[in-house]
>>> print(open('target_9.cif').read())   # mmCIF, C-alpha atoms
data_protein
#
loop_
_atom_site.label_atom_id
_atom_site.label_comp_id
_atom_site.auth_asym_id
_atom_site.auth_seq_id
_atom_site.Cartn_x
_atom_site.Cartn_y
_atom_site.Cartn_z
CA MET A 255 -105.49 21.42 237.70
CA ARG A 256 -104.89 24.34 240.03
CA GLN A 257 -101.79 26.28 238.95
CA PRO A 258 -101.25 29.29 241.23
CA TRP A 259 -98.92 32.25 241.23
CA VAL A 260 -96.70 32.17 244.30
CA VAL A 261 -96.52 35.55 246.03
CA GLY A 262 -93.74 35.96 248.57
CA VAL A 263 -93.85 38.97 250.89
CA SER A 264 -90.51 39.76 252.53
CA GLY A 265 -89.56 42.24 255.23
CA ALA A 266 -88.77 45.35 253.17
CA SER A 267 -90.97 48.38 253.62
CA GLY A 268 -93.65 48.37 250.94
CA THR A 269 -96.44 46.02 251.99
CA PRO A 270 -98.96 48.19 250.03
CA TYR A 271 -97.30 46.89 246.86
CA ALA A 272 -97.97 43.32 247.95
CA ARG A 273 -101.57 44.17 248.75
CA ALA A 274 -102.12 45.79 245.35
CA LEU A 275 -100.58 42.83 243.54
CA LEU A 276 -102.63 40.28 245.48
CA THR A 277 -105.79 42.25 244.77
CA GLY A 278 -104.93 42.46 241.07
CA LEU A 279 -104.29 38.73 240.79
CA LEU A 280 -107.45 37.79 242.66
CA ASP A 281 -109.59 40.28 240.73
CA ALA A 282 -108.32 38.63 237.54
CA GLY A 283 -109.48 35.24 238.83
CA GLU A 284 -105.96 33.92 239.37
CA ALA A 285 -105.07 31.41 242.08
CA VAL A 286 -102.44 32.49 244.61
CA ASP A 287 -100.13 30.66 246.99
CA LEU A 288 -99.02 33.13 249.65
CA VAL A 289 -95.82 33.09 251.72
CA VAL A 290 -95.24 35.85 254.30
CA SER A 291 -91.82 35.97 255.94
CA ARG A 292 -91.35 36.57 259.66
CA ALA A 293 -89.82 39.97 258.97
CA ALA A 294 -92.72 40.85 256.67
CA ARG A 295 -95.17 40.31 259.52
CA LEU A 296 -93.33 42.95 261.57
CA THR A 297 -93.34 45.35 258.61
CA LEU A 298 -97.04 44.75 257.97
CA LEU A 299 -97.82 45.48 261.61
CA ASP A 300 -95.72 48.64 261.52
CA GLU A 301 -97.17 49.93 258.22
CA THR A 302 -100.83 48.96 258.69
CA GLY A 303 -101.37 48.05 262.35
CA LEU A 304 -102.54 44.61 261.19
CA SER A 305 -101.24 41.26 262.42
CA PHE A 306 -100.65 38.25 260.19
CA ARG A 307 -100.77 34.94 262.05
CA ASP A 308 -100.40 31.40 260.74
CA ALA A 309 -103.36 30.12 262.73
CA HIS A 310 -105.63 32.96 261.62
CA TRP A 311 -104.22 33.75 258.19
CA ARG A 312 -107.58 33.76 256.40
CA GLU A 313 -109.17 36.43 258.58
CA ASP A 314 -105.92 38.41 258.74
CA LEU A 315 -105.67 38.33 254.95
CA THR A 316 -109.28 39.48 254.66
CA ALA A 317 -108.57 42.39 257.01
CA TRP A 318 -105.47 43.32 254.98
CA LEU A 319 -107.09 43.15 251.55
CA GLY A 320 -110.43 44.57 252.64
CA HIS A 321 -112.38 41.63 251.19
CA ASP A 322 -112.53 37.87 251.59
CA GLY A 323 -110.14 37.24 248.72
CA GLY A 324 -110.51 34.32 246.37
CA ASP A 325 -108.49 31.21 245.59
CA VAL A 326 -105.66 31.65 248.09
CA ALA A 327 -103.56 28.99 249.78
CA TYR A 328 -101.19 30.03 252.56
CA TRP A 329 -97.91 28.36 253.44
CA PRO A 330 -95.91 29.31 256.57
CA ALA A 331 -92.45 30.63 255.75
CA GLY A 332 -90.83 28.00 257.96
CA ASP A 333 -92.51 25.09 256.16
CA LEU A 334 -89.75 23.83 253.86
CA GLY A 335 -91.88 20.79 253.06
CA ALA A 336 -94.65 22.94 251.57
CA GLY A 337 -95.89 22.53 248.02
CA PRO A 338 -93.94 25.43 246.45
CA SER A 339 -90.66 23.98 247.78
CA SER A 340 -90.79 21.28 245.09
CA GLY A 341 -90.45 21.60 241.34
CA SER A 342 -93.14 18.96 240.87
CA TYR A 343 -95.68 21.29 242.51
CA PRO A 344 -97.41 23.08 239.61
CA THR A 345 -97.18 26.87 239.70
CA ARG A 346 -97.29 29.54 237.00
CA GLY A 347 -94.40 31.48 238.53
CA MET A 348 -93.59 33.68 241.49
CA VAL A 349 -93.37 37.31 242.60
CA VAL A 350 -91.38 38.50 245.61
CA VAL A 351 -92.95 41.82 246.62
CA PRO A 352 -91.54 43.76 248.32
CA ALA A 353 -88.12 42.13 248.14
CA SER A 354 -85.71 43.03 250.90
CA THR A 355 -81.99 43.09 250.18
CA ALA A 356 -81.65 40.03 252.42
CA SER A 357 -84.23 38.00 250.50
CA LEU A 358 -82.81 39.21 247.19
CA ALA A 359 -79.33 38.08 248.23
CA GLY A 360 -80.61 34.74 249.52
CA ILE A 361 -82.38 34.02 246.24
CA ALA A 362 -79.38 35.12 244.17
CA ILE A 363 -77.00 32.73 245.94
CA GLY A 364 -79.50 29.89 246.34
CA LEU A 365 -79.50 30.02 250.13
CA SER A 366 -83.06 28.66 250.54
CA LYS A 367 -83.11 29.54 254.24
CA ASP A 368 -86.92 29.68 254.31
CA LEU A 369 -89.86 28.80 252.06
CA LEU A 370 -89.85 32.18 250.31
CA GLN A 371 -86.25 31.74 249.17
CA ARG A 372 -86.70 28.05 248.38
CA ALA A 373 -89.82 28.69 246.30
CA ALA A 374 -87.98 31.38 244.34
CA ASP A 375 -85.04 29.00 243.77
CA VAL A 376 -87.45 26.34 242.52
CA THR A 377 -89.08 28.88 240.22
CA LEU A 378 -85.70 29.67 238.67
CA LYS A 379 -84.60 26.07 238.29
CA GLU A 380 -87.90 25.13 236.65
CA ARG A 381 -87.56 28.11 234.26
CA ARG A 382 -90.82 29.64 235.42
CA PRO A 383 -91.33 33.43 235.58
CA LEU A 384 -89.81 35.06 238.65
CA VAL A 385 -90.34 38.76 239.33
CA VAL A 386 -88.41 40.37 242.19
CA VAL A 387 -89.58 43.80 243.36
CA PRO A 388 -86.87 45.46 245.49
CA ARG A 389 -87.85 48.51 247.52
CA GLU A 390 -84.69 49.89 249.03
CA ALA A 391 -82.64 53.04 248.43
CA PRO A 392 -79.84 53.48 247.75
CA TYR A 393 -78.48 50.18 246.48
CA PRO A 394 -75.01 49.09 247.64
CA ARG A 395 -72.70 47.34 245.20
CA SER A 396 -73.48 43.91 246.66
CA THR A 397 -77.21 44.34 246.05
CA LEU A 398 -76.62 45.53 242.49
CA GLN A 399 -74.48 42.45 241.91
CA HIS A 400 -77.23 40.23 243.32
CA MET A 401 -79.74 41.90 240.98
CA LEU A 402 -77.50 41.18 238.01
CA THR A 403 -77.12 37.56 239.14
CA LEU A 404 -80.90 37.20 239.25
CA HIS A 405 -81.27 38.84 235.85
CA ASP A 406 -78.72 36.47 234.37
CA ALA A 407 -80.57 33.52 235.94
CA GLY A 408 -83.77 34.53 234.14
CA ALA A 409 -85.58 36.59 236.76
CA VAL A 410 -87.10 40.01 236.11
CA VAL A 411 -85.87 42.63 238.58
CA LEU A 412 -88.62 45.25 238.78
CA PRO A 413 -87.86 47.99 241.33
CA ALA A 414 -90.81 49.66 243.03
CA SER A 415 -90.43 52.80 240.91
CA PRO A 416 -93.84 54.34 240.09
CA GLY A 417 -94.37 56.46 236.99
CA PHE A 418 -95.95 59.91 237.00
CA TYR A 419 -97.03 60.42 233.38
CA GLY A 420 -100.58 59.39 234.26
CA ALA A 421 -100.86 62.43 236.55
CA PRO A 422 -101.58 60.40 239.72
CA THR A 423 -103.59 62.14 242.40
CA SER A 424 -103.18 59.60 245.21
CA VAL A 425 -100.58 57.36 246.78
CA GLN A 426 -102.71 54.35 245.84
CA GLN A 427 -102.36 55.20 242.15
CA LEU A 428 -98.58 55.20 242.55
CA VAL A 429 -98.75 51.83 244.28
CA ASP A 430 -101.07 50.46 241.61
CA PHE A 431 -98.64 51.55 238.90
CA VAL A 432 -95.97 49.21 240.27
CA ALA A 433 -98.45 46.36 240.77
CA GLY A 434 -99.68 46.90 237.22
CA LYS A 435 -96.15 46.65 235.84
CA VAL A 436 -95.71 43.33 237.65
CA LEU A 437 -99.01 42.03 236.25
CA ASP A 438 -97.88 43.09 232.77
CA VAL A 439 -94.75 40.97 233.14
CA LEU A 440 -96.89 38.02 234.26
CA GLY A 441 -99.29 38.49 231.36
CA VAL A 442 -102.27 39.01 233.68
CA LYS A 443 -104.91 41.47 232.47
CA HIS A 444 -105.72 44.43 234.71
CA ASP A 445 -106.84 48.05 234.70
CA LEU A 446 -104.55 49.38 237.40
CA ILE A 447 -102.63 51.87 235.29
CA THR A 448 -103.23 54.56 232.68
CA ARG A 449 -101.19 53.50 229.67
CA TRP A 450 -99.02 55.75 227.57
CA THR A 451 -100.59 56.48 224.18
CA GLY A 452 -97.75 58.37 222.54
CA ALA A 453 -99.48 61.74 222.74
CA LEU A 454 -98.46 64.32 225.35
CA GLY A 455 -101.18 64.75 227.95
CA ALA A 456 -103.29 61.92 226.52
CA ALA A 457 -102.47 59.61 229.40
CA ARG A 458 -103.77 62.01 232.03
CA ARG A 459 -106.58 60.86 234.26
CA THR A 460 -109.82 62.82 234.17
#
>>> encode(input="target_9.cif", output="structure tokens")
Amino acid sequence: MRQPWVVGVSGASGTPYARALLTGLLDAGEAVDLVVSRAARLTLLDETGLSFRDAHWREDLTAWLGHDGGDVAYWPAGDLGAGPSSGSYPTRGMVVVPASTASLAGIAIGLSKDLLQRAADVTLKERRPLVVVPREAPYPRSTLQHMLTLHDAGAVVLPASPGFYGAPTSVQQLVDFVAGKVLDVLGVKHDLITRWTGALGAARRT
């Protein structure tokens, strides 16, 4: 039985994080159900120059990832009757990356205004893993409270905060660090990051 990870892409700046995570999941042979919010399409266009259209999602996804992907199903954000909107639809869990403050708030209060928020709500109620990757700065009190609400509900709040101990030499390595941390939480094997060994300088890339 197919049991995908749901990946929700919201409108916060940071679509490279979503791309790196999708690539990591697909490279690991994982199935993915993808939801891209309306605001995320505008951000993707602004950050990459690429469009993402419901009617042409497969070719647009290929252009975004740079390859033809793998086992990916796409659900429009406005489709509240989609598979991931129901707890009886089998998924392994969900990642919202990047997570805007609006999507984070909507998930925290159970608003379910679109499929991304509804799928996250279902993930929480079914006690499946939910990872939320906010990429905003600074955080107002309301957002911090919403993060705590999600934490208390069982979600993992994983800010897009790359580490530097691996001596990164490119922006992509910083992006991959965050994607790798998400994959670690999901228990998906990857080679996106240089891991700390406990010895100073031992984690440096050569």
>>> residues_near_point(input="target_9.cif", point="(-97.0, 30.6, 243.9)", cutoff="6 Å", atoms="only C-alpha atoms", output="list in words")
Pro258, Trp259, Val260, Val261, Val286, Asp287, Thr345 and Met348 of chain A
>>> closest_residue(input="target_9.cif", among="A:Lys443, A:Arg256, A:His400, A:Arg312", to="Gly364 (chain A)", atoms="only C-alpha atoms")
A:His400
>>> residues_near_point(input="target_9.cif", point="(-95.3, 39.4, 242.8)", cutoff="9 Å", atoms="only C-alpha atoms", output="VMD selection string")
chain A and resid 259 to 263 271 to 272 275 to 276 348 to 352 384 to 387 433 436 to 437 440
>>> resolve_selection(input="target_9.cif", expression="the PyMOL selection byres ((chain A and resi 339) around 8)", output="list in words")
Leu334, Gly335, Ala336, Gly337, Pro338, Ser340, Gly341, Tyr343, Leu369, Arg372, Ala373 and Val376 of chain A
>>> atom_distance(input="target_9.cif", atom1="CA of Ser354 (chain A)", atom2="CA of Gly268 (chain A)")
9.6 Å
>>> atom_distance(input="target_9.cif", atom1="CA of Ala374 (chain A)", atom2="CA of Gly320 (chain A)")
27.3 Å
>>> residues_around(input="target_9.cif", residues="Arg389 (chain A)", least_positions_apart="6", cutoff="12 Å", atoms="all atoms listed in the file", output="MDAnalysis selection string")
chainID A and resid 263:272 350:358 397 411:416 429 432
>>> atom_distance(input="target_9.cif", atom1="CA of Glu284 (chain A)", atom2="CA of Gly441 (chain A)")
11.4 Å
>>> resolve_selection(input="target_9.cif", expression="the PyMOL selection byres ((chain A and resi 289) around 6)", output="PyMOL selection string")
chain A and resi 262+288+290+329+331
>>> resolve_selection(input="target_9.cif", expression="the PyMOL selection byres ((chain A and resi 308) around 9)", output="ChimeraX atom specification")
/A:306-307,309-312,328-330
>>> closest_residue(input="target_9.cif", among="A:Gln257, A:Thr403, A:Ser424, A:Ser291", to="Gly332 (chain A)", atoms="all atoms listed in the file")
A:Ser291
>>> closest_residue(input="target_9.cif", among="A:Asp430, A:His405, A:Ala391, A:Leu370", to="Ala294 (chain A)", atoms="all atoms listed in the file")
A:Leu370
>>> closest_residue(input="target_9.cif", among="A:Ala407, A:Val442, A:Val425, A:Ala282", to="Thr377 (chain A)", atoms="only C-alpha atoms")
A:Ala407
>>> closest_residue(input="target_9.cif", among="A:Asp375, A:Ala293, A:Lys435, A:Ala362", to="Gln399 (chain A)", atoms="all atoms listed in the file")
A:Ala362
>>> closest_residue(input="target_9.cif", among="A:Pro422, A:Gly360, A:Pro383, A:Gly417", to="Ser396 (chain A)", atoms="only C-alpha atoms")
A:Gly360
>>> decode(input="target_9.cif", residues="region 331-348 of chain A", atoms="N, CA and C atoms", output="mmCIF file, in the first residue's frame")
data_model
loop_
_atom_site.group_PDB
_atom_site.id
_atom_site.type_symbol
_atom_site.label_atom_id
_atom_site.label_comp_id
_atom_site.auth_asym_id
_atom_site.auth_seq_id
_atom_site.Cartn_x
_atom_site.Cartn_y
_atom_site.Cartn_z
ATOM 1 N N ALA A 331 -4.333 23.065 -3.625
ATOM 2 C CA ALA A 331 -4.547 23.561 -2.266
ATOM 3 C C ALA A 331 -6.018 23.827 -1.972
ATOM 4 N N GLY A 332 -6.807 24.096 -2.994
ATOM 5 C CA GLY A 332 -8.228 24.360 -2.787
ATOM 6 C C GLY A 332 -9.091 23.121 -2.734
ATOM 7 N N ASP A 333 -8.503 21.946 -2.914
ATOM 8 C CA ASP A 333 -9.265 20.697 -2.962
ATOM 9 C C ASP A 333 -9.395 20.110 -1.560
ATOM 10 N N LEU A 334 -10.421 20.531 -0.843
ATOM 11 C CA LEU A 334 -10.623 20.045 0.524
ATOM 12 C C LEU A 334 -11.214 18.644 0.557
ATOM 13 N N GLY A 335 -11.496 18.079 -0.608
ATOM 14 C CA GLY A 335 -11.942 16.694 -0.683
ATOM 15 C C GLY A 335 -10.821 15.755 -1.071
ATOM 16 N N ALA A 336 -9.594 16.254 -1.120
ATOM 17 C CA ALA A 336 -8.441 15.456 -1.523
ATOM 18 C C ALA A 336 -8.113 14.379 -0.493
ATOM 19 N N GLY A 337 -7.323 13.408 -0.904
ATOM 20 C CA GLY A 337 -6.950 12.317 -0.020
ATOM 21 C C GLY A 337 -6.427 12.755 1.337
ATOM 22 N N PRO A 338 -5.391 13.636 1.378
ATOM 23 C CA PRO A 338 -4.804 14.003 2.666
ATOM 24 C C PRO A 338 -5.730 14.763 3.605
ATOM 25 N N SER A 339 -6.939 15.104 3.154
ATOM 26 C CA SER A 339 -7.879 15.802 4.035
ATOM 27 C C SER A 339 -8.600 14.846 4.969
ATOM 28 N N SER A 340 -8.384 13.537 4.786
ATOM 29 C CA SER A 340 -9.065 12.542 5.598
ATOM 30 C C SER A 340 -8.072 11.691 6.384
ATOM 31 N N GLY A 341 -8.416 11.395 7.619
ATOM 32 C CA GLY A 341 -7.568 10.544 8.438
ATOM 33 C C GLY A 341 -7.501 9.116 7.952
ATOM 34 N N SER A 342 -8.460 8.690 7.142
ATOM 35 C CA SER A 342 -8.437 7.323 6.625
ATOM 36 C C SER A 342 -7.498 7.178 5.426
ATOM 37 N N TYR A 343 -7.007 8.308 4.923
ATOM 38 C CA TYR A 343 -6.036 8.276 3.822
ATOM 39 C C TYR A 343 -4.659 7.985 4.424
ATOM 40 N N PRO A 344 -3.999 6.919 4.000
ATOM 41 C CA PRO A 344 -2.755 6.508 4.663
ATOM 42 C C PRO A 344 -1.562 7.377 4.271
ATOM 43 N N THR A 345 -0.984 8.053 5.246
ATOM 44 C CA THR A 345 0.255 8.798 5.032
ATOM 45 C C THR A 345 1.212 8.466 6.164
ATOM 46 N N ARG A 346 2.498 8.748 5.942
ATOM 47 C CA ARG A 346 3.499 8.524 6.980
ATOM 48 C C ARG A 346 3.646 9.741 7.886
ATOM 49 N N GLY A 347 3.191 10.896 7.419
ATOM 50 C CA GLY A 347 3.318 12.136 8.159
ATOM 51 C C GLY A 347 3.377 13.296 7.197
ATOM 52 N N MET A 348 3.741 14.466 7.705
ATOM 53 C CA MET A 348 3.710 15.667 6.873
ATOM 54 C C MET A 348 4.802 16.645 7.287
#
